[in-house]
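A.B. asks: entry.cif is the file, holding mmCIF, C-alpha atoms:
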data_final
#
loop_
_atom_site.group_PDB
_atom_site.id
_atom_site.type_symbol
_atom_site.label_atom_id
_atom_site.label_comp_id
_atom_site.auth_asym_id
_atom_site.auth_seq_id
_atom_site.Cartn_x
_atom_site.Cartn_y
_atom_site.Cartn_z
ATOM 1 C CA MET J 1 45.497 119.269 -247.195
ATOM 2 C CA LYS J 2 47.620 121.375 -249.546
ATOM 3 C CA TRP J 3 48.784 124.519 -247.744
ATOM 4 C CA THR J 4 48.365 126.870 -250.662
ATOM 5 C CA LEU J 5 47.868 130.588 -250.005
ATOM 6 C CA PRO J 6 44.110 130.404 -250.812
ATOM 7 C CA ASN J 7 43.678 127.518 -248.351
ATOM 8 C CA ILE J 8 45.671 129.354 -245.678
ATOM 9 C CA LEU J 9 43.410 132.413 -246.100
ATOM 10 C CA THR J 10 40.334 130.181 -245.766
ATOM 11 C CA VAL J 11 41.642 128.581 -242.549
ATOM 12 C CA VAL J 12 42.505 132.017 -241.128
ATOM 13 C CA ARG J 13 38.948 133.160 -241.890
ATOM 14 C CA LEU J 14 37.566 130.059 -240.204
ATOM 15 C CA LEU J 15 39.619 130.760 -237.058
ATOM 16 C CA ALA J 16 38.537 134.408 -237.129
ATOM 17 C CA ALA J 17 34.914 133.392 -236.461
ATOM 18 C CA PRO J 18 35.386 132.446 -232.789
ATOM 19 C CA GLY J 19 37.869 135.324 -232.594
ATOM 20 C CA LEU J 20 34.935 137.741 -232.883
ATOM 21 C CA ALA J 21 33.482 136.435 -229.633
ATOM 22 C CA VAL J 22 36.910 136.521 -227.969
ATOM 23 C CA MET J 23 37.136 140.262 -228.704
ATOM 24 C CA PHE J 24 34.093 140.900 -226.498
ATOM 25 C CA LEU J 25 35.372 138.506 -223.842
ATOM 26 C CA TYR J 26 38.764 140.161 -223.310
ATOM 27 C CA PHE J 27 38.243 143.779 -224.350
ATOM 28 C CA ALA J 28 35.907 146.513 -223.128
ATOM 29 C CA ARG J 29 33.694 148.381 -225.550
ATOM 30 C CA PRO J 30 34.195 150.326 -227.832
ATOM 31 C CA LEU J 31 37.622 148.665 -228.240
ATOM 32 C CA ALA J 32 35.913 145.299 -228.676
ATOM 33 C CA ASP J 33 33.657 146.776 -231.369
ATOM 34 C CA TRP J 34 36.681 148.155 -233.213
ATOM 35 C CA PHE J 35 38.565 144.858 -233.091
ATOM 36 C CA ALA J 36 35.474 142.886 -234.132
ATOM 37 C CA LEU J 37 34.808 145.296 -237.017
ATOM 38 C CA ILE J 38 38.411 145.088 -238.277
ATOM 39 C CA LEU J 39 38.474 141.296 -237.884
ATOM 40 C CA PHE J 40 35.159 140.842 -239.663
ATOM 41 C CA VAL J 41 35.989 143.194 -242.563
ATOM 42 C CA GLY J 42 39.399 141.541 -242.935
ATOM 43 C CA ALA J 43 37.783 138.112 -243.055
ATOM 44 C CA ALA J 44 35.211 139.312 -245.605
ATOM 45 C CA VAL J 45 38.011 140.626 -247.834
ATOM 46 C CA THR J 46 39.910 137.312 -247.659
ATOM 47 C CA ASP J 47 36.681 135.577 -248.685
ATOM 48 C CA TRP J 48 36.975 137.248 -252.074
ATOM 49 C CA PHE J 49 40.745 136.896 -252.349
ATOM 50 C CA ASP J 50 41.038 133.190 -251.562
ATOM 51 C CA GLY J 51 38.484 132.248 -254.215
ATOM 52 C CA TYR J 52 39.991 134.612 -256.789
ATOM 53 C CA LEU J 53 43.556 133.417 -256.168
ATOM 54 C CA ALA J 54 42.554 129.752 -256.191
ATOM 55 C CA ARG J 55 40.985 130.158 -259.640
ATOM 56 C CA ALA J 56 43.699 132.465 -261.016
ATOM 57 C CA TRP J 57 46.580 130.234 -259.855
ATOM 58 C CA GLY J 58 44.856 126.920 -260.568
ATOM 59 C CA GLN J 59 45.019 125.985 -256.874
ATOM 60 C CA GLU J 60 41.411 124.908 -256.298
ATOM 61 C CA THR J 61 41.314 121.951 -253.899
ATOM 62 C CA LYS J 62 38.621 119.742 -252.380
ATOM 63 C CA MET J 63 39.594 120.882 -248.880
ATOM 64 C CA GLY J 64 39.316 124.537 -249.878
ATOM 65 C CA ALA J 65 35.944 123.938 -251.527
ATOM 66 C CA MET J 66 34.722 122.312 -248.310
ATOM 67 C CA LEU J 67 36.114 124.853 -245.832
ATOM 68 C CA ASP J 68 35.175 128.017 -247.751
ATOM 69 C CA PRO J 69 31.375 127.865 -247.204
ATOM 70 C CA ILE J 70 31.900 126.631 -243.637
ATOM 71 C CA ALA J 71 34.093 129.659 -242.865
ATOM 72 C CA ASP J 72 31.487 132.005 -244.377
ATOM 73 C CA LYS J 73 28.651 130.510 -242.348
ATOM 74 C CA ALA J 74 30.710 130.477 -239.137
ATOM 75 C CA MET J 75 31.566 134.173 -239.506
ATOM 76 C CA VAL J 76 27.933 135.138 -240.135
ATOM 77 C CA VAL J 77 26.501 132.971 -237.319
ATOM 78 C CA VAL J 78 28.967 134.174 -234.663
ATOM 79 C CA ALA J 79 28.688 137.819 -235.743
ATOM 80 C CA LEU J 80 24.869 137.759 -235.648
ATOM 81 C CA MET J 81 24.936 136.073 -232.245
ATOM 82 C CA ILE J 82 27.138 138.875 -230.902
ATOM 83 C CA LEU J 83 25.020 141.643 -232.439
ATOM 84 C CA VAL J 84 21.790 140.230 -230.978
ATOM 85 C CA GLY J 85 23.420 139.585 -227.603
ATOM 86 C CA TYR J 86 24.758 143.134 -227.261
ATOM 87 C CA ALA J 87 21.891 144.964 -228.948
ATOM 88 C CA ASP J 88 19.949 147.653 -227.153
ATOM 89 C CA GLU J 89 16.477 146.559 -225.984
ATOM 90 C CA HIS J 90 14.917 148.878 -228.568
ATOM 91 C CA TRP J 91 16.854 147.218 -231.387
ATOM 92 C CA THR J 92 16.674 143.578 -230.301
ATOM 93 C CA PRO J 93 13.234 142.646 -231.758
ATOM 94 C CA TRP J 94 14.164 144.133 -235.138
ATOM 95 C CA LEU J 95 17.410 142.164 -235.175
ATOM 96 C CA VAL J 96 16.020 138.863 -233.920
ATOM 97 C CA LEU J 97 13.574 138.210 -236.776
ATOM 98 C CA PRO J 98 15.960 138.612 -239.759
ATOM 99 C CA THR J 99 18.681 136.844 -237.767
ATOM 100 C CA THR J 100 16.329 133.912 -237.124
ATOM 101 C CA VAL J 101 15.437 133.709 -240.819
ATOM 102 C CA ILE J 102 19.112 133.725 -241.836
ATOM 103 C CA LEU J 103 20.174 131.117 -239.272
ATOM 104 C CA PHE J 104 17.185 128.871 -240.023
ATOM 105 C CA ARG J 105 17.992 128.921 -243.730
ATOM 106 C CA GLU J 106 21.654 128.068 -243.121
ATOM 107 C CA VAL J 107 20.716 125.079 -240.950
ATOM 108 C CA PHE J 108 18.002 123.966 -243.382
ATOM 109 C CA VAL J 109 20.181 124.132 -246.504
ATOM 110 C CA SER J 110 23.125 122.471 -244.725
ATOM 111 C CA GLY J 111 20.843 119.630 -243.640
ATOM 112 C CA LEU J 112 19.453 119.371 -247.150
ATOM 113 C CA ARG J 113 22.947 119.118 -248.639
ATOM 114 C CA GLU J 114 23.915 116.449 -246.103
ATOM 115 C CA PHE J 115 20.796 114.404 -246.867
ATOM 116 C CA LEU J 116 21.319 114.607 -250.626
ATOM 117 C CA GLY J 117 24.890 113.370 -250.300
ATOM 118 C CA ASP J 118 26.410 112.745 -253.735
ATOM 119 C CA THR J 119 23.534 114.564 -255.444
ATOM 120 C CA ALA J 120 24.121 117.765 -253.428
ATOM 121 C CA GLY J 121 25.825 119.188 -256.514
ATOM 122 C CA THR J 122 22.357 120.085 -257.745
ATOM 123 C CA LEU J 123 22.314 122.818 -255.080
ATOM 124 C CA LYS J 124 25.008 124.934 -256.673
ATOM 125 C CA VAL J 125 25.546 128.461 -255.346
ATOM 126 C CA THR J 126 23.583 130.898 -257.490
ATOM 127 C CA GLN J 127 24.364 134.517 -258.296
ATOM 128 C CA LEU J 128 21.461 135.571 -256.053
ATOM 129 C CA ALA J 129 22.974 133.568 -253.194
ATOM 130 C CA LYS J 130 26.229 135.466 -253.679
ATOM 131 C CA TRP J 131 24.313 138.751 -253.454
ATOM 132 C CA LYS J 132 22.700 137.445 -250.274
ATOM 133 C CA THR J 133 26.111 136.730 -248.764
ATOM 134 C CA THR J 134 27.364 140.190 -249.768
ATOM 135 C CA ALA J 135 24.310 141.858 -248.181
ATOM 136 C CA GLN J 136 24.902 139.884 -244.983
ATOM 137 C CA MET J 137 28.570 140.845 -244.794
ATOM 138 C CA VAL J 138 27.959 144.554 -245.431
ATOM 139 C CA ALA J 139 25.024 144.615 -242.983
ATOM 140 C CA ILE J 140 27.030 142.993 -240.184
ATOM 141 C CA ALA J 141 30.049 145.270 -240.726
ATOM 142 C CA THR J 142 27.752 148.318 -240.676
ATOM 143 C CA LEU J 143 26.055 147.164 -237.469
ATOM 144 C CA PHE J 144 29.431 146.630 -235.793
ATOM 145 C CA SER J 145 30.352 150.223 -236.723
ATOM 146 C CA GLN J 146 27.069 151.371 -235.167
ATOM 147 C CA GLY J 147 28.339 150.010 -231.856
ATOM 148 C CA VAL J 148 31.521 152.062 -232.243
ATOM 149 C CA PHE J 149 29.578 155.326 -232.742
ATOM 150 C CA GLU J 150 27.215 154.491 -229.875
ATOM 151 C CA HIS J 151 29.926 153.930 -227.307
ATOM 152 C CA TYR J 152 31.977 156.956 -228.300
ATOM 153 C CA LEU J 153 28.803 159.025 -227.922
ATOM 154 C CA VAL J 154 28.248 157.591 -224.450
ATOM 155 C CA MET J 155 31.885 158.159 -223.481
ATOM 156 C CA SER J 156 31.751 161.793 -224.697
ATOM 157 C CA SER J 157 28.604 162.574 -222.697
ATOM 158 C CA ILE J 158 29.441 160.783 -219.435
ATOM 159 C CA GLY J 159 29.048 163.148 -216.476
ATOM 160 C CA MET J 160 27.264 165.799 -218.553
ATOM 161 C CA ASP J 161 23.890 167.132 -217.510
ATOM 162 C CA GLN J 162 21.161 165.556 -219.663
ATOM 163 C CA GLU J 163 19.567 168.933 -220.343
ATOM 164 C CA LEU J 164 22.909 170.226 -221.584
ATOM 165 C CA VAL J 165 23.279 167.172 -223.841
ATOM 166 C CA ALA J 166 19.788 167.819 -225.244
ATOM 167 C CA GLU J 167 20.638 171.473 -225.878
ATOM 168 C CA ILE J 168 23.875 170.538 -227.635
ATOM 169 C CA LEU J 169 22.121 167.989 -229.855
ATOM 170 C CA SER J 170 19.361 170.481 -230.694
ATOM 171 C CA GLY J 171 21.929 173.135 -231.677
ATOM 172 C CA GLN J 172 21.179 175.546 -228.833
ATOM 173 C CA VAL J 173 24.670 175.096 -227.361
ATOM 174 C CA GLU J 174 27.942 174.783 -229.265
ATOM 175 C CA ASP J 175 28.956 171.164 -229.803
ATOM 176 C CA LEU J 176 32.526 171.075 -228.489
ATOM 177 C CA HIS J 177 32.584 167.294 -227.979
ATOM 178 C CA GLY J 178 31.315 166.126 -231.372
ATOM 179 C CA LEU J 179 28.113 164.706 -229.956
ATOM 180 C CA ARG J 180 26.068 165.552 -233.035
ATOM 181 C CA TRP J 181 28.145 163.679 -235.597
ATOM 182 C CA LYS J 182 28.510 160.707 -233.260
ATOM 183 C CA LEU J 183 24.735 160.576 -232.831
ATOM 184 C CA ASP J 184 24.214 160.874 -236.591
ATOM 185 C CA GLY J 185 26.786 158.140 -237.200
ATOM 186 C CA MET J 186 25.090 155.876 -234.669
ATOM 187 C CA PHE J 187 21.647 156.553 -236.165
ATOM 188 C CA TRP J 188 22.502 156.024 -239.817
ATOM 189 C CA THR J 189 24.819 153.028 -239.439
ATOM 190 C CA GLY J 190 22.163 151.392 -237.275
ATOM 191 C CA ARG J 191 19.359 152.072 -239.761
ATOM 192 C CA ILE J 192 21.365 151.168 -242.869
ATOM 193 C CA GLY J 193 22.751 148.023 -241.249
ATOM 194 C CA LEU J 194 19.267 146.939 -240.199
ATOM 195 C CA TRP J 195 17.792 147.620 -243.660
ATOM 196 C CA LEU J 196 20.563 145.588 -245.279
ATOM 197 C CA LEU J 197 20.028 142.753 -242.806
ATOM 198 C CA TRP J 198 16.325 142.629 -243.699
ATOM 199 C CA ILE J 199 17.236 142.622 -247.403
ATOM 200 C CA ALA J 200 19.651 139.760 -246.721
ATOM 201 C CA ALA J 201 16.887 137.902 -244.868
ATOM 202 C CA ALA J 202 14.530 138.340 -247.831
ATOM 203 C CA LEU J 203 17.194 137.040 -250.225
ATOM 204 C CA THR J 204 17.783 134.196 -247.794
ATOM 205 C CA LEU J 205 14.133 133.118 -248.057
ATOM 206 C CA ILE J 206 14.200 133.334 -251.862
ATOM 207 C CA THR J 207 17.420 131.331 -252.256
ATOM 208 C CA GLY J 208 16.311 128.808 -249.637
ATOM 209 C CA ALA J 209 13.055 128.217 -251.515
ATOM 210 C CA ASP J 210 15.030 127.854 -254.768
ATOM 211 C CA TYR J 211 17.293 125.206 -253.217
ATOM 212 C CA MET J 212 14.249 123.354 -251.907
ATOM 213 C CA ARG J 213 12.649 123.409 -255.369
ATOM 214 C CA LYS J 214 15.809 121.945 -256.927
ATOM 215 C CA ALA J 215 16.010 119.268 -254.236
ATOM 216 C CA LEU J 216 12.368 118.124 -254.493
ATOM 217 C CA PRO J 217 12.940 115.657 -257.375
ATOM 218 C CA HIS J 218 15.527 113.867 -255.222
ATOM 219 C CA LEU J 219 13.179 113.673 -252.207
ATOM 220 C CA LYS J 220 10.354 111.769 -253.878
ATOM 221 C CA GLU J 221 9.595 108.357 -252.446
ATOM 222 C CA SER J 222 10.115 105.468 -254.852
ATOM 223 C CA ASN J 223 7.043 103.328 -255.542
#
Please express the file's structure as structure tokens.
C.D. replies:
Amino acid sequence: MKWTLPNILTVVRLLAAPGLAVMFLYFARPLADWFALILFVGAAVTDWFDGYLARAWGQETKMGAMLDPIADKAMVVVALMILVGYADEHWTPWLVLPTTVILFREVFVSGLREFLGDTAGTLKVTQLAKWKTTAQMVAIATLFSQGVFEHYLVMSSIGMDQELVAEILSGQVEDLHGLRWKLDGMFWTGRIGLWLLWIAAALTLITGADYMRKALPHLKESN
């Protein structure tokens, strides 16, 4: 393997995937949420840079072409696993369905590519698939930030009387602890992240069906 800068960035992104889970293993929340958010956003940024630099510098390699989609899928799979595992009971059902659709598609298309072997080039990444990946990345980053707002809200209201908290949030009592903006941040990042995840799931179904359509001619039994 040629250790060009684009390939190094791809390998770093690949190693960052299990690093997301390690954040929640060794750090308490919301610190774990912060580290996971920074790690995930950093990895998403390198995803654009390594491809751009490889093309701009003429450093595209077979190893880079192989590892790049693997790193993307690993980041998405691990991140979704964490989000579902740490989601509030109210949120879990709404996260599980789009997550299942996304993971099923990734497994299905990967299996399809493996089966097709040398003819897998027919399943080239489309522009819509790139939009799907972008929607996934933005949705996951937004949902990680929702966890940050949620835990700072909890930390700010620990030990406070629940009636007092309700009065502060309703505007009856002055908000000296910033509870209102933390609640708003938690609400909107959660909603926006969830909407984007459902959009990504819809794009996942569309692109998965498109790949299946392109693969059908190669799956016909010979007479």
A.B. asks: Go through the shown structure with the PyMOL selection byres ((chain J and resi 135) around 9) and write out the matching residues as a ChimeraX atom specification.
C.D. replies: /J:130-134,136-140,196-197,199-200,203
A.B. asks: If you count all atoms listed in the file, which residues fall within 9 Å of stretch 13-29 of chain J, apart from same-chain ones fewer than 3 positions away, as a count of residues only?
C.D. replies: 32
A.B. asks: One decimal, Å: what's the distance from atom CA of J:Gln127 over to atom CA of J:Thr207, could you say?
C.D. replies: 9.7 Å
A.B. asks: To one decimal place, how far is atom CA of J:Gln146 from atom CA of J:Ile158 in Å?
C.D. replies: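 Taking atom CA of J:Gln146 as the start and atom CA of J:Ile158 as the end point, the length is 18.5 Å.
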A.B. asks: Measuring between all atoms listed in the file, which one of J:Val109, J:Leu164, J:Val96, J:Asn7 shows the shortest distance to J:Leu176?
C.D. replies: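 Of J:Val109, J:Leu164, J:Val96, J:Asn7, the one nearest J:Leu176, counting all atoms listed in the file, is J:Leu164.
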A.B. asks: For J:Val107, which residue among J:Lys73, J:Ser145, J:Leu216, J:Leu169 is the nearest when counting all atoms listed in the file?
C.D. replies: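 Result for the nearest residue to J:Val107: J:Lys73.
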